[in-house]
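Here's final_5.txt, which has compact mmCIF, C-alpha atoms:
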# COMPACT_ATOMS: atom_id res chain seq x y z
CA MET A 20 0.00 0.00 0.00
CA GLN A 21 2.84 2.32 -0.85
CA TRP A 22 1.00 4.43 -3.47
CA ARG A 23 -1.63 5.46 -0.98
CA ARG A 24 1.01 7.25 1.01
CA TYR A 25 2.10 9.15 -2.06
CA ILE A 26 -1.44 10.19 -2.86
CA LYS A 27 -1.92 11.38 0.69
CA LEU A 28 1.29 13.42 0.46
CA LEU A 29 0.24 14.93 -2.87
CA LEU A 30 -3.19 15.83 -1.48
CA ALA A 31 -1.54 17.43 1.53
CA VAL A 32 0.66 19.63 -0.69
CA VAL A 33 -2.29 20.64 -2.89
CA LEU A 34 -4.38 21.40 0.15
CA PHE A 35 -1.53 23.42 1.63
CA ALA A 36 -1.21 25.50 -1.55
CA VAL A 37 -4.95 26.04 -1.96
CA VAL A 38 -5.39 26.97 1.68
CA GLY A 39 -2.37 29.28 1.56
CA GLN A 40 -3.78 31.11 -1.46
CA GLY A 41 -7.33 31.19 -0.48
CA VAL A 42 -7.21 31.88 3.26
CA GLY A 43 -7.34 35.54 3.97
CA CYS A 44 -3.76 36.30 4.73
CA THR A 45 -2.06 39.61 4.27
CA LEU A 46 -0.18 40.27 1.14
CA ALA A 47 3.20 39.88 2.83
CA THR A 48 2.40 36.58 4.42
CA ARG A 49 0.98 35.25 1.25
CA GLN A 50 4.21 36.18 -0.41
CA GLU A 51 6.23 34.34 2.17
CA PHE A 52 3.93 31.46 1.85
CA MET A 53 4.28 31.32 -1.93
CA LYS A 54 8.03 31.26 -1.57
CA VAL A 55 7.74 27.81 -0.16
CA VAL A 56 6.32 26.52 -3.38
CA PHE A 57 7.49 29.03 -6.02
CA GLU A 58 10.90 30.40 -6.39
CA ASP A 59 11.61 34.11 -5.90
CA VAL A 60 8.22 35.57 -6.60
CA PRO A 61 8.32 39.38 -6.68
CA PRO A 62 5.93 41.06 -4.27
CA ARG A 63 2.77 42.31 -5.85
CA GLY A 64 3.11 45.82 -7.19
CA GLN A 65 6.79 45.42 -7.71
CA HIS A 66 6.23 43.04 -10.50
CA LYS A 67 7.56 44.32 -13.74
CA PRO A 68 6.58 42.69 -16.93
CA PRO A 69 9.60 41.59 -18.87
CA GLU A 70 10.72 44.01 -21.50
CA PRO A 71 9.61 42.97 -24.88
CA TYR A 72 12.45 41.50 -26.86
CA VAL A 73 13.25 43.62 -29.80
CA GLY A 74 15.29 41.70 -32.27
CA HIS A 75 16.99 42.90 -35.37
CA PRO A 76 14.73 44.20 -38.08
CA ARG A 77 13.73 41.46 -40.36
CA ARG A 78 16.05 41.17 -43.31
CA GLN A 79 14.58 41.70 -46.69
CA PRO A 80 14.64 38.45 -48.52
CA VAL A 81 17.42 38.62 -51.09
CA TYR A 82 16.80 36.84 -54.34
CA GLU A 83 20.01 35.55 -55.78
CA PRO A 84 19.55 34.46 -59.33
CA PRO A 85 21.24 31.18 -60.11
CA PRO A 86 24.57 31.57 -61.87
CA PRO A 87 24.15 31.51 -65.64
CA VAL A 88 24.96 28.19 -67.20
CA MET A 89 28.24 28.61 -69.04
CA VAL A 90 28.21 27.04 -72.46
CA LEU A 91 31.52 27.09 -74.24
CA VAL A 92 30.96 28.08 -77.82
CA LYS A 93 33.85 28.16 -80.23
CA ALA A 94 34.02 31.61 -81.64
CA TYR A 95 33.60 31.64 -85.36
CA GLU A 96 36.83 32.71 -86.88
CA PRO A 97 36.98 33.18 -90.59
CA VAL A 98 39.21 30.34 -91.61
CA PHE A 99 39.95 31.91 -94.91
CA GLN A 100 42.49 34.66 -94.58
CA TYR A 101 43.77 34.15 -98.08
CA ASP A 102 43.05 36.71 -100.74
CA TRP A 103 43.03 34.22 -103.57
CA LYS A 104 42.10 36.72 -106.26
CA THR A 105 45.10 38.89 -105.53
CA MET A 106 47.34 35.85 -105.27
CA LEU A 107 46.09 34.57 -108.59
CA ARG A 108 46.76 37.93 -110.18
CA ALA A 109 50.27 37.97 -108.75
CA LEU A 110 51.23 34.63 -110.29
CA PRO A 111 53.22 34.84 -113.51
CA LYS A 112 51.19 34.15 -116.62
CA ASP A 113 52.00 32.61 -119.95
CA THR A 114 51.12 34.11 -123.33
CA VAL A 115 47.48 33.05 -123.17
CA GLY A 116 46.84 34.06 -119.58
CA GLY A 117 47.30 30.70 -117.92
CA ILE A 118 49.48 30.37 -114.87
CA ASP A 119 53.12 29.80 -115.76
CA TRP A 120 54.00 27.40 -113.00
CA VAL A 121 57.54 26.77 -114.15
CA SER A 122 58.55 30.42 -113.94
CA ALA A 123 56.51 30.86 -110.75
CA LEU A 124 58.66 28.20 -109.17
CA ALA A 125 61.86 29.55 -110.72
CA ASP A 126 61.13 33.14 -109.64
CA GLY A 127 60.31 32.07 -106.11
CA ALA A 128 56.77 33.43 -106.39
CA ILE A 129 55.65 30.18 -104.83
CA GLU A 130 57.48 27.75 -102.59
CA PRO A 131 55.61 24.49 -102.77
CA ARG A 132 56.54 21.87 -100.22
CA THR A 133 57.64 18.35 -101.06
CA SER A 134 55.69 16.78 -98.20
CA ILE A 135 52.75 17.48 -95.96
CA ASP A 136 54.99 17.80 -92.94
CA PRO A 137 57.21 20.87 -93.44
CA GLU A 138 59.74 19.64 -90.89
CA HIS A 139 60.65 16.49 -92.77
CA ALA A 140 60.35 17.62 -96.36
CA PRO A 141 62.64 15.60 -98.57
CA GLN A 142 64.71 17.20 -101.26
CA GLN A 143 63.03 17.14 -104.65
CA ILE A 144 65.09 15.01 -107.00
CA VAL A 145 65.53 16.98 -110.21
CA LEU A 146 66.69 15.24 -113.34
CA PRO A 147 68.32 17.56 -115.91
CA LEU A 148 67.70 15.38 -118.93
CA ASP A 149 66.24 16.53 -122.22
CA VAL A 150 64.62 13.93 -124.43
CA GLN A 151 64.36 14.73 -128.13
CA LEU A 152 61.37 13.28 -129.90
CA GLU A 153 61.29 13.89 -133.64
CA PRO A 154 58.43 12.72 -135.81
CA GLU A 155 59.53 11.16 -139.07
CA ASN A 156 60.35 13.71 -141.78
CA LEU A 157 59.01 16.57 -139.69
CA PRO A 158 62.02 18.28 -138.12
CA LEU A 159 60.02 21.44 -137.48
CA PHE A 160 57.85 19.55 -135.03
CA LYS A 161 60.71 18.06 -133.10
CA VAL A 162 59.76 17.96 -129.44
CA THR A 163 62.21 18.65 -126.68
CA PHE A 164 60.93 17.12 -123.50
CA PRO A 165 62.75 18.66 -120.53
CA HIS A 166 62.81 16.40 -117.51
CA GLU A 167 63.98 19.25 -115.32
CA PRO A 168 60.79 21.35 -114.94
CA HIS A 169 58.74 18.17 -114.73
CA THR A 170 60.81 16.64 -111.95
CA GLU A 171 60.65 19.96 -110.10
CA TRP A 172 57.01 19.10 -109.54
CA LEU A 173 56.63 15.39 -110.01
CA ALA A 174 58.25 12.21 -108.88
CA CYS A 175 59.42 9.60 -111.38
CA ASP A 176 56.61 7.19 -110.54
CA ASN A 177 53.93 9.73 -111.36
CA CYS A 178 54.64 9.16 -115.07
CA HIS A 179 56.85 6.09 -115.30
CA PRO A 180 55.93 3.52 -116.28
CA LYS A 181 52.16 4.02 -116.22
CA ILE A 182 51.96 6.88 -118.71
CA PHE A 183 55.34 6.70 -120.42
CA THR A 184 57.70 3.78 -120.77
CA MET A 185 61.26 4.66 -119.84
CA GLN A 186 62.58 4.47 -123.38
CA ALA A 187 62.70 7.42 -125.76
CA GLY A 188 60.57 6.79 -128.84
CA ALA A 189 58.99 3.66 -127.43
CA ASP A 190 55.55 5.19 -126.98
CA PRO A 191 53.41 5.99 -130.02
CA ILE A 192 52.73 9.55 -128.93
CA SER A 193 50.62 11.60 -131.31
CA MET A 194 48.82 14.92 -131.06
CA GLN A 195 45.47 13.18 -131.45
CA LYS A 196 46.22 11.04 -128.44
CA ILE A 197 47.40 14.04 -126.47
CA TYR A 198 44.20 15.88 -127.27
CA ALA A 199 42.30 12.75 -126.19
CA GLY A 200 44.00 12.96 -122.82
CA GLU A 201 46.68 10.35 -123.23
CA TYR A 202 50.44 10.72 -122.72
CA CYS A 203 51.21 14.47 -122.28
CA GLY A 204 47.49 15.10 -122.27
CA GLU A 205 47.18 13.35 -118.92
CA CYS A 206 48.28 16.63 -117.39
CA HIS A 207 48.61 19.18 -120.19
CA GLY A 208 45.27 20.79 -120.84
CA LYS A 209 44.04 19.71 -117.41
CA VAL A 210 46.46 21.11 -114.85
CA ALA A 211 49.45 22.07 -116.95
CA PHE A 212 49.51 24.54 -119.81
CA ALA A 213 46.97 23.99 -122.54
CA VAL A 214 47.83 21.87 -125.55
CA ALA A 215 46.18 24.03 -128.16
CA THR A 216 47.97 27.24 -127.20
CA GLY A 217 51.25 25.94 -125.89
CA CYS A 218 52.75 24.66 -129.17
CA PRO A 219 56.16 26.39 -129.05
CA ARG A 220 56.83 25.32 -125.51
CA CYS A 221 57.33 21.73 -126.68
CA HIS A 222 57.92 22.18 -130.40
CA LEU A 223 60.74 24.61 -129.82
CA ALA A 224 61.32 25.26 -133.50
CA LEU A 225 57.83 26.72 -133.83
CA ALA A 226 58.87 29.61 -131.64
CA GLY A 227 60.98 30.89 -134.49
CA PRO A 228 64.64 31.76 -134.45
CA GLN A 229 65.85 32.59 -130.98
CA MET B 25 23.50 51.90 -132.28
CA THR B 26 23.10 48.31 -133.42
CA ARG B 27 26.54 48.44 -134.97
CA CYS B 28 28.38 49.56 -131.91
CA GLY B 29 26.51 47.11 -129.66
CA PRO B 30 29.12 44.34 -129.65
CA SER B 31 32.04 46.72 -129.31
CA LEU B 32 30.29 48.48 -126.44
CA PHE B 33 29.84 45.10 -124.79
CA ILE B 34 33.53 44.33 -125.16
CA LEU B 35 34.37 47.77 -123.81
CA VAL B 36 32.21 47.18 -120.75
CA ILE B 37 33.92 43.83 -120.15
CA MET B 38 37.34 45.43 -120.54
CA THR B 39 36.52 48.15 -118.04
CA GLY B 40 35.67 45.42 -115.59
CA LEU B 41 32.13 46.58 -114.85
CA ILE B 42 30.85 43.14 -115.63
CA SER B 43 32.77 39.94 -115.97
CA PRO B 44 31.94 37.02 -118.20
CA ALA B 45 30.60 33.97 -116.48
CA GLN B 46 33.06 31.46 -115.06
CA SER B 47 35.88 33.97 -115.11
CA ASP B 48 37.07 32.70 -111.73
CA GLU B 49 37.74 29.28 -113.15
CA VAL B 50 41.37 28.37 -113.46
CA LEU B 51 42.79 25.51 -115.47
CA GLY B 52 42.79 22.47 -113.25
CA ASP B 53 39.72 23.26 -111.18
CA ILE B 54 37.86 20.00 -110.71
CA THR B 55 34.19 19.92 -109.84
CA LEU B 56 33.89 16.54 -108.21
CA PRO B 57 30.85 14.66 -109.50
CA ARG B 58 28.47 13.05 -107.10
CA GLU B 59 28.27 9.32 -107.53
CA GLU B 60 24.85 8.56 -106.15
CA ALA B 61 21.83 10.47 -107.31
CA THR B 62 20.79 12.10 -104.06
CA SER B 63 17.55 13.85 -104.83
CA SER B 64 17.12 15.44 -101.41
CA LEU B 65 20.64 16.81 -101.22
CA THR B 66 21.05 20.32 -102.56
CA THR B 67 24.56 20.95 -101.33
CA PRO B 68 26.65 22.38 -104.12
CA LEU B 69 29.23 20.04 -105.55
CA ALA B 70 32.74 20.25 -104.18
CA VAL B 71 35.30 22.08 -106.25
CA PHE B 72 38.94 21.17 -105.99
CA PRO B 73 41.11 24.10 -107.10
CA HIS B 74 44.38 22.61 -108.24
CA TRP B 75 46.15 25.95 -108.44
CA LYS B 76 45.59 26.88 -104.78
CA HIS B 77 47.12 23.59 -103.75
CA ARG B 78 49.98 23.83 -106.22
CA MET B 79 51.07 27.07 -104.62
CA TYR B 80 51.96 25.18 -101.47
CA PHE B 81 52.56 21.58 -102.46
CA LYS B 82 54.27 19.82 -105.30
CA CYS B 83 52.31 17.33 -107.33
CA ASN B 84 53.97 14.28 -105.86
CA VAL B 85 52.86 15.13 -102.32
CA CYS B 86 49.32 14.01 -103.13
CA HIS B 87 49.80 12.04 -106.32
CA GLU B 88 49.51 9.20 -106.15
CA ALA B 89 49.75 8.27 -102.52
CA LEU B 90 46.54 10.12 -101.64
CA PHE B 91 44.76 10.70 -104.92
CA GLN B 92 44.97 9.00 -108.25
CA MET B 93 45.58 11.23 -111.23
CA GLN B 94 42.16 10.54 -112.66
CA VAL B 95 38.87 12.23 -111.87
CA GLY B 96 36.48 9.75 -110.34
CA ALA B 97 39.11 7.08 -109.75
CA ASP B 98 38.98 7.59 -106.00
CA HIS B 99 35.83 6.90 -104.04
CA ILE B 100 35.86 10.16 -102.11
CA THR B 101 32.95 10.46 -99.71
CA MET B 102 32.27 12.79 -96.83
CA ASP B 103 32.31 9.79 -94.51
CA ALA B 104 35.82 8.94 -95.67
CA VAL B 105 36.88 12.57 -95.30
CA ARG B 106 35.46 12.71 -91.79
CA ASP B 107 37.41 9.52 -91.08
CA GLY B 108 40.58 11.39 -91.94
CA GLN B 109 41.13 10.06 -95.41
CA PHE B 110 41.64 11.92 -98.68
CA CYS B 111 41.21 15.69 -98.16
CA ALA B 112 41.25 15.34 -94.38
CA VAL B 113 44.86 14.14 -94.41
CA CYS B 114 45.76 17.83 -94.63
CA HIS B 115 42.40 19.44 -93.85
CA ASP B 116 42.58 18.51 -90.18
CA GLY B 117 42.90 21.96 -88.63
CA LYS B 118 46.68 21.74 -88.41
CA THR B 119 48.02 21.77 -91.93
CA ALA B 120 44.94 23.36 -93.45
CA PHE B 121 41.47 24.37 -92.36
CA GLU B 122 39.42 21.71 -90.68
CA VAL B 123 36.52 19.87 -92.24
CA SER B 124 33.62 21.14 -90.17
CA PHE B 125 30.27 22.86 -90.41
CA ASP B 126 32.07 26.20 -90.46
CA THR B 127 33.92 25.29 -93.59
CA CYS B 128 31.42 23.46 -95.80
CA GLU B 129 31.06 26.17 -98.36
CA ILE B 130 34.77 26.62 -98.93
CA CYS B 131 34.81 23.35 -100.86
CA HIS B 132 31.13 22.93 -101.70
CA SER B 133 31.13 26.02 -103.84
CA ALA B 134 30.18 24.81 -107.29
CA ALA B 135 27.83 27.12 -109.14
CA SER B 136 25.56 24.23 -110.04
CA ALA B 137 23.94 22.71 -106.99
CA GLY B 138 22.96 19.24 -106.12
CA THR B 139 22.48 16.18 -108.16
CA PRO B 140 24.80 15.17 -110.96
Exercise: express the given structure as C-alpha cells:
Amino acid sequence: MQWRRYIKLLLAVVLFAVVGQGVGCTLATRQEFMKVVFEDVPPRGQHKPPEPYVGHPRRQPVYEPPPPVMVLVKAYEPVFQYDWKTMLRALPKDTVGGIDWVSALADGAIEPRTSIDPEHAPQQIVLPLDVQLEPENLPLFKVTFPHEPHTEWLACDNCHPKIFTMQAGADPISMQKIYAGEYCGECHGKVAFAVATGCPRCHLALAGPQ
Amino acid sequence: MTRCGPSLFILVIMTGLISPAQSDEVLGDITLPREEATSSLTTPLAVFPHWKHRMYFKCNVCHEALFQMQVGADHITMDAVRDGQFCAVCHDGKTAFEVSFDTCEICHSAASAGTP
C-alpha cells in the first residue's frame, strides 16, 4: 500500500497551496507562503513585466539568381584569310593568260613543299635530262621534253611507267592522243599549260629563231 | 547603235564593270561529280582548285599516294573525309582548315547545286 502514502502526500501539498492562497492572509504573508512553493516571486506591485524582446529588423529576402549556365561556344573565326584573287593575279602568266607554273617556281613566287609535314620535307630530286622526240620527216615539229621542270614538280613514278615507258621513242605519242588525254594530255590541258595554245613550248622550233 | 553594240559590250567587259561567267575558273579546277543520285541533297558540288594547292605543295605530295591522277578514280565520300582520309589528311585543322560545319562552303562552292 505504498502508493496510498504518495497520494496522501500529494493531497496534503495541494491542500496546503490552496489553503495558503485562499485563506485571507495579508499580502506579505501570502508572499512568504508562496516562496515555499514558487521560487523568488516578486511582491505584488513590484512586479515588472519583462521588457519585450526587440530583435533585429527582419532582413529583406534577397533573391540571388542562379549563376548563368556557361556554355563554351567556339568563336567563329573566318578560316579563310587568303586573298586568292590577288594571289592569282600575282602569279606569272604565260602568253594566253594561264598560270606559268615553271617560272613561278623559278622566280620564287611560290614555294611548294615536297611533303605534308614541313619539318621532314625531302629534297626534290631533279633530273636535268632533255629527251628529243622527232616525228619522221618533220624536223620542225621536233619535241624537246625537258625532264627538269617536270621533276621539279613530279616524282618519277607519277609518269613512269604508267603513262610513259622509260625508253625514248617507245611510246606511239601523237597529237590526237594528247588531245584525247593520253600521254602528255594526262596533265597538259588539265592542270598544266593547254595543248592548243602551248605549241612552241614543246615544239621549240615553232617559236621561231631565238 | 546596233553596230556599236558588240564593241560596247567588249568595252564594258574590258573596263571590268561586268565579268563574263566562269571567269574565276582556273585551269585544273575540278568539280567533283556526285556518284549517287541524291535527290534530297542540294549541297553544291565540291570544287577542288588545283592551283591553290599547287602554290603550297608539289604534285607528288598528293599524287599518287593520296589521290589517283584521274577524276572519279577515287571513291571520295564525306564519310571517308570525316574519317581522316583523302582531303582530311591535310584538312585537319593543323596543316589546313578543318573539315567542319564552319567550312562546308569553302569546298562545296560549285555554281551548279545538287544532283549530278
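Shortest atom-to-atom contact with chain B among A:Ala215, A:Met185, A:Leu225, A:Met106: A:Met106, counting only C-alpha atoms.
Near chain A, the residues of chain B that fall inside 8 Å (using all atoms listed in the file) are Val50, Leu51, Gly52, Asp53, His74, Lys76, Arg78, Met79, Tyr80, Phe81, Lys82, Cys83, Asn84, Val85, His87, Glu88, Cys114, Thr119, Phe121, Asp126 and Thr127 of chain B.
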Name all residues at most 10 Å from Val95 (chain B) (count only C-alpha atoms; drop same-chain ones fewer than 4 positions away) and give them as a tab-separated table (two decimals) with C-alpha atoms, in the frame of the given file.
chain	number	residue	atom	x	y	z
B	54	ILE	CA	37.86	20.00	-110.71
B	55	THR	CA	34.19	19.92	-109.84
B	56	LEU	CA	33.89	16.54	-108.21
B	57	PRO	CA	30.85	14.66	-109.50
B	91	PHE	CA	44.76	10.70	-104.92
B	99	HIS	CA	35.83	6.90	-104.04
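A straight line drawn from CA of Asp116 (chain B) to CA of Gln92 (chain B) is 20.6 Å long.
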Non-local contacts of Ala104 (chain B) (12 Å; all atoms listed in the file; under 6 positions in same chain excluded) as a PDB file with C-alpha atoms, in the frame of the given file:
ATOM      1  CA  ASP B  98      38.980   7.590-106.000  1.00  0.00           C
ATOM      2  CA  PHE B 110      41.640  11.920 -98.680  1.00  0.00           C
ATOM      3  CA  CYS B 111      41.210  15.690 -98.160  1.00  0.00           C
ATOM      4  CA  ALA B 112      41.250  15.340 -94.380  1.00  0.00           C
ATOM      5  CA  VAL B 113      44.860  14.140 -94.410  1.00  0.00           C
ATOM      6  CA  VAL B 123      36.520  19.870 -92.240  1.00  0.00           C
TER       7      VAL B 123
END
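For the atom pair formed by CA of Met93 (chain B) and CA of Val214 (chain A), the distance is 18.0 Å, given to one decimal.
Going from CA of Met194 (chain A) over to CA of Leu157 (chain A), you cover 13.5 Å.
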